[in-house]
Amino acid sequence: MTDVWSERAEAYRASDAHRSGRDLELFAEWAEGETALDVATGGGHVANRLREAGLRVVTIDPAPGMKPDVISRAEEIPFADASFDVVACRIAAHHFQDPAGALREMARVSRSLVLVADNLFLDESREEADRLRDPTHVRNYSEEEWRGMFDAAGLDMEAFEREDKRIDFQGWLDRAGTPPEDADRVRELLADRIEDGKLKLDRGIFKGRVR
């Protein structure tokens with residue numbers, strides 16, 4: 001998987017779908033303190049936005065091609081307890097093998113806040129489409145599942161917002177290198193969520209505070 005993500009790195013750095021969004025603005029608005037950890041940094045968009053907001057940011061990612069400060073999985077963060085004021089993770093948890101474990105790690109290394117944004121579970125057809133489009137996809141989770149994981153990680157949910165996000169459908173396929181035969185099936189599965197070449201996503205944005 002790491003090699004796959006390294007190969008995709010430039011596409012994610014240049015992705016219009018990742019460079020902007022309500023989630024990025026909320027992360028900057030919600031952040032407090034002086035230091036932040038960007039988990040599964042990918043194209044580095046969260047880190048860039050938090051630096052613009054005045055924080056000192058460290059990035060981690062398992063893929064060397066994403067050029068993180070530290071190469072690490074989200075489930076095994078190599079920092080001491082309470083090392084950062086804010087820990088953030090955006091549009092990555094649906095790839096994690098153990099999202100609840102990753103969230104516990106994020107809570108462990110945070111002194112104050114954990115911010116998470118990810119696409120929300122809709123139905124099994126959408127999950128099938130996501131896996132066909134990108135075999136590294138594990139699962140999306142519902143708002144209720146996320147609230148349960150936050151609570152189990154020792155985080156009090158302070159805020160939640162649902163973002164109605166629309167992204168270029170073909171660009172979404174291209175970033176994952178989806179084969180044409182699979183792309184046709186993905187389009188069929190998501191037909192009711194594609195309009196004028198745009199795919200509608202339901203994204204959850206969560207703000208949790210360490211107890």
# chains A, B, ... in the order shown; residues from 1 in each chain; ligands from 1
>>> select_by_dssp(residues="range 9-184 of chain A", states="alpha helix (DSSP H)", output="number ranges by chain")
A: 9-14, 16-19, 22-30, 45-52, 99-109, 124-133, 143-152, 169-176, 180-184
>>> residues_around(residues="range 58-66 of chain A", least_positions_apart="3", cutoff="9 Å", atoms="only C-alpha atoms", output="short mmCIF file (atom, residue, chain, number, x, y, z; two decimals) with C-alpha atoms, in the first residue's frame")
data_model
loop_
_atom_site.label_atom_id
_atom_site.label_comp_id
_atom_site.auth_asym_id
_atom_site.auth_seq_id
_atom_site.Cartn_x
_atom_site.Cartn_y
_atom_site.Cartn_z
CA MET A 1 0.00 0.00 0.00
CA THR A 2 2.81 2.42 0.81
CA ASP A 3 4.25 2.15 -2.72
CA VAL A 4 0.80 2.76 -4.17
CA TRP A 5 0.39 5.94 -2.12
CA SER A 6 3.87 7.16 -2.99
CA GLU A 7 2.98 6.77 -6.66
CA ARG A 8 -0.18 8.82 -6.11
CA ALA A 9 1.52 11.55 -4.09
CA GLU A 10 1.77 14.21 -6.77
CA TYR A 12 -2.99 14.29 -4.26
CA ARG A 13 -0.79 17.34 -3.81
CA THR A 35 1.68 22.85 17.98
CA ALA A 36 -0.12 20.38 15.76
CA LEU A 37 0.34 16.89 14.34
CA ASP A 38 -1.10 16.15 10.90
CA VAL A 39 -1.81 12.40 10.73
CA ALA A 40 -1.78 10.73 7.29
CA THR A 41 -0.83 14.09 5.81
CA GLY A 42 -1.11 12.98 2.18
CA GLY A 43 -0.69 16.07 0.00
CA GLY A 44 -0.02 18.20 3.08
CA ALA A 47 -0.43 21.06 7.50
CA ASP A 69 8.36 14.70 8.50
CA VAL A 70 8.05 11.21 10.02
CA ILE A 71 7.11 7.98 8.25
CA SER A 72 4.51 6.31 10.46
CA ARG A 73 1.14 4.60 10.47
CA ALA A 74 -1.70 6.33 12.31
CA ILE A 77 2.27 7.26 16.35
#
>>> atom_distance(atom1="CA of Phe79 in chain A", atom2="CA of Glu143 in chain A")
28.2 Å
>>> residues_around(residues="range 125-138 of chain A", least_positions_apart="4", cutoff="9 Å", atoms="only C-alpha atoms", output="mmCIF file with C-alpha atoms, in the first residue's frame")
data_model
loop_
_atom_site.group_PDB
_atom_site.id
_atom_site.type_symbol
_atom_site.label_atom_id
_atom_site.label_comp_id
_atom_site.auth_asym_id
_atom_site.auth_seq_id
_atom_site.Cartn_x
_atom_site.Cartn_y
_atom_site.Cartn_z
ATOM 1 C CA MET A 1 0.000 0.000 0.000
ATOM 2 C CA VAL A 4 0.795 2.763 -4.173
ATOM 3 C CA ALA A 93 -9.404 7.133 8.153
ATOM 4 C CA HIS A 94 -11.412 5.111 5.636
ATOM 5 C CA HIS A 95 -8.062 3.576 4.622
ATOM 6 C CA PHE A 96 -7.046 2.623 8.183
ATOM 7 C CA GLN A 97 -7.077 -1.015 9.244
ATOM 8 C CA PHE A 121 -21.024 5.741 5.540
ATOM 9 C CA TRP A 172 -11.643 11.121 -8.410
ATOM 10 C CA LEU A 173 -11.299 7.991 -10.572
ATOM 11 C CA ALA A 176 -6.843 6.089 -7.883
ATOM 12 C CA GLY A 177 -5.985 4.751 -11.339
ATOM 13 C CA THR A 178 -9.302 2.894 -11.568
ATOM 14 C CA PRO A 179 -9.385 0.473 -14.551
ATOM 15 C CA ASP A 182 -14.279 -0.985 -12.818
ATOM 16 C CA ALA A 183 -14.901 2.700 -13.495
ATOM 17 C CA ARG A 185 -19.381 -0.215 -12.531
ATOM 18 C CA VAL A 186 -18.503 2.574 -10.085
ATOM 19 C CA ARG A 187 -20.406 5.053 -12.250
ATOM 20 C CA GLU A 188 -23.392 2.702 -12.297
ATOM 21 C CA LEU A 189 -23.354 2.255 -8.507
ATOM 22 C CA LEU A 190 -23.116 5.997 -7.892
#
>>> atom_distance(atom1="CA of Asp168 in chain A", atom2="CA of Val116 in chain A")
22.6 Å
>>> select_by_dssp(residues="range 2-195 of chain A", states="strand (DSSP E)", output="PyMOL selection string")
chain A and resi 35-39+56-61+70-71+84-90+110-119+155-168+194-195
>>> write_last_selection(atoms="C-alpha atoms", output="mmCIF file, in the first residue's frame")
data_model
loop_
_atom_site.group_PDB
_atom_site.id
_atom_site.type_symbol
_atom_site.label_atom_id
_atom_site.label_comp_id
_atom_site.auth_asym_id
_atom_site.auth_seq_id
_atom_site.Cartn_x
_atom_site.Cartn_y
_atom_site.Cartn_z
ATOM 1 C CA THR A 35 1.684 22.850 17.977
ATOM 2 C CA ALA A 36 -0.120 20.375 15.758
ATOM 3 C CA LEU A 37 0.340 16.886 14.345
ATOM 4 C CA ASP A 38 -1.104 16.147 10.896
ATOM 5 C CA VAL A 39 -1.806 12.401 10.734
ATOM 6 C CA ARG A 56 4.013 24.688 14.220
ATOM 7 C CA VAL A 57 3.072 21.466 12.444
ATOM 8 C CA VAL A 58 4.674 18.022 12.281
ATOM 9 C CA THR A 59 3.412 15.608 9.610
ATOM 10 C CA ILE A 60 3.297 11.817 9.575
ATOM 11 C CA ASP A 61 2.313 9.415 6.798
ATOM 12 C CA VAL A 70 8.055 11.211 10.020
ATOM 13 C CA ILE A 71 7.112 7.976 8.254
ATOM 14 C CA PHE A 84 0.871 18.333 20.630
ATOM 15 C CA ASP A 85 -1.905 20.817 21.300
ATOM 16 C CA VAL A 86 -3.894 19.659 18.272
ATOM 17 C CA VAL A 87 -3.911 16.396 16.321
ATOM 18 C CA ALA A 88 -5.708 16.408 12.966
ATOM 19 C CA CYS A 89 -6.590 13.766 10.385
ATOM 20 C CA ARG A 90 -8.458 14.547 7.155
ATOM 21 C CA SER A 110 -2.809 15.338 22.076
ATOM 22 C CA ARG A 111 -2.927 17.736 25.013
ATOM 23 C CA SER A 112 -6.191 19.268 23.934
ATOM 24 C CA LEU A 113 -7.955 18.630 20.613
ATOM 25 C CA VAL A 114 -8.390 15.886 18.036
ATOM 26 C CA LEU A 115 -9.924 16.971 14.710
ATOM 27 C CA VAL A 116 -11.131 14.391 12.169
ATOM 28 C CA ALA A 117 -12.848 14.784 8.813
ATOM 29 C CA ASP A 118 -13.845 11.878 6.613
ATOM 30 C CA ASN A 119 -16.543 10.694 4.245
ATOM 31 C CA LEU A 155 -12.588 12.357 23.739
ATOM 32 C CA ASP A 156 -15.614 14.558 24.408
ATOM 33 C CA MET A 157 -17.349 15.599 21.191
ATOM 34 C CA GLU A 158 -17.433 19.405 21.213
ATOM 35 C CA ALA A 159 -18.621 20.036 17.673
ATOM 36 C CA PHE A 160 -19.794 18.231 14.556
ATOM 37 C CA GLU A 161 -20.615 19.528 11.113
ATOM 38 C CA ARG A 162 -21.748 17.699 7.999
ATOM 39 C CA GLU A 163 -20.274 19.029 4.760
ATOM 40 C CA ASP A 164 -22.070 18.559 1.446
ATOM 41 C CA LYS A 165 -19.007 18.192 -0.755
ATOM 42 C CA ARG A 166 -18.986 17.960 -4.547
ATOM 43 C CA ILE A 167 -15.895 16.849 -6.440
ATOM 44 C CA ASP A 168 -15.008 16.095 -10.048
ATOM 45 C CA ILE A 194 -23.403 12.170 -9.869
ATOM 46 C CA GLU A 195 -24.700 15.393 -11.392
#
>>> atom_distance(atom1="CA of Ala102 in chain A", atom2="CA of Glu75 in chain A")
4.1 Å
>>> residues_around(residues="Asp23 in chain A", least_positions_apart="3", cutoff="7 Å", atoms="only C-alpha atoms", output="list of chain:residue names")
A:Leu26, A:Phe27, A:Ala117, A:Ile205
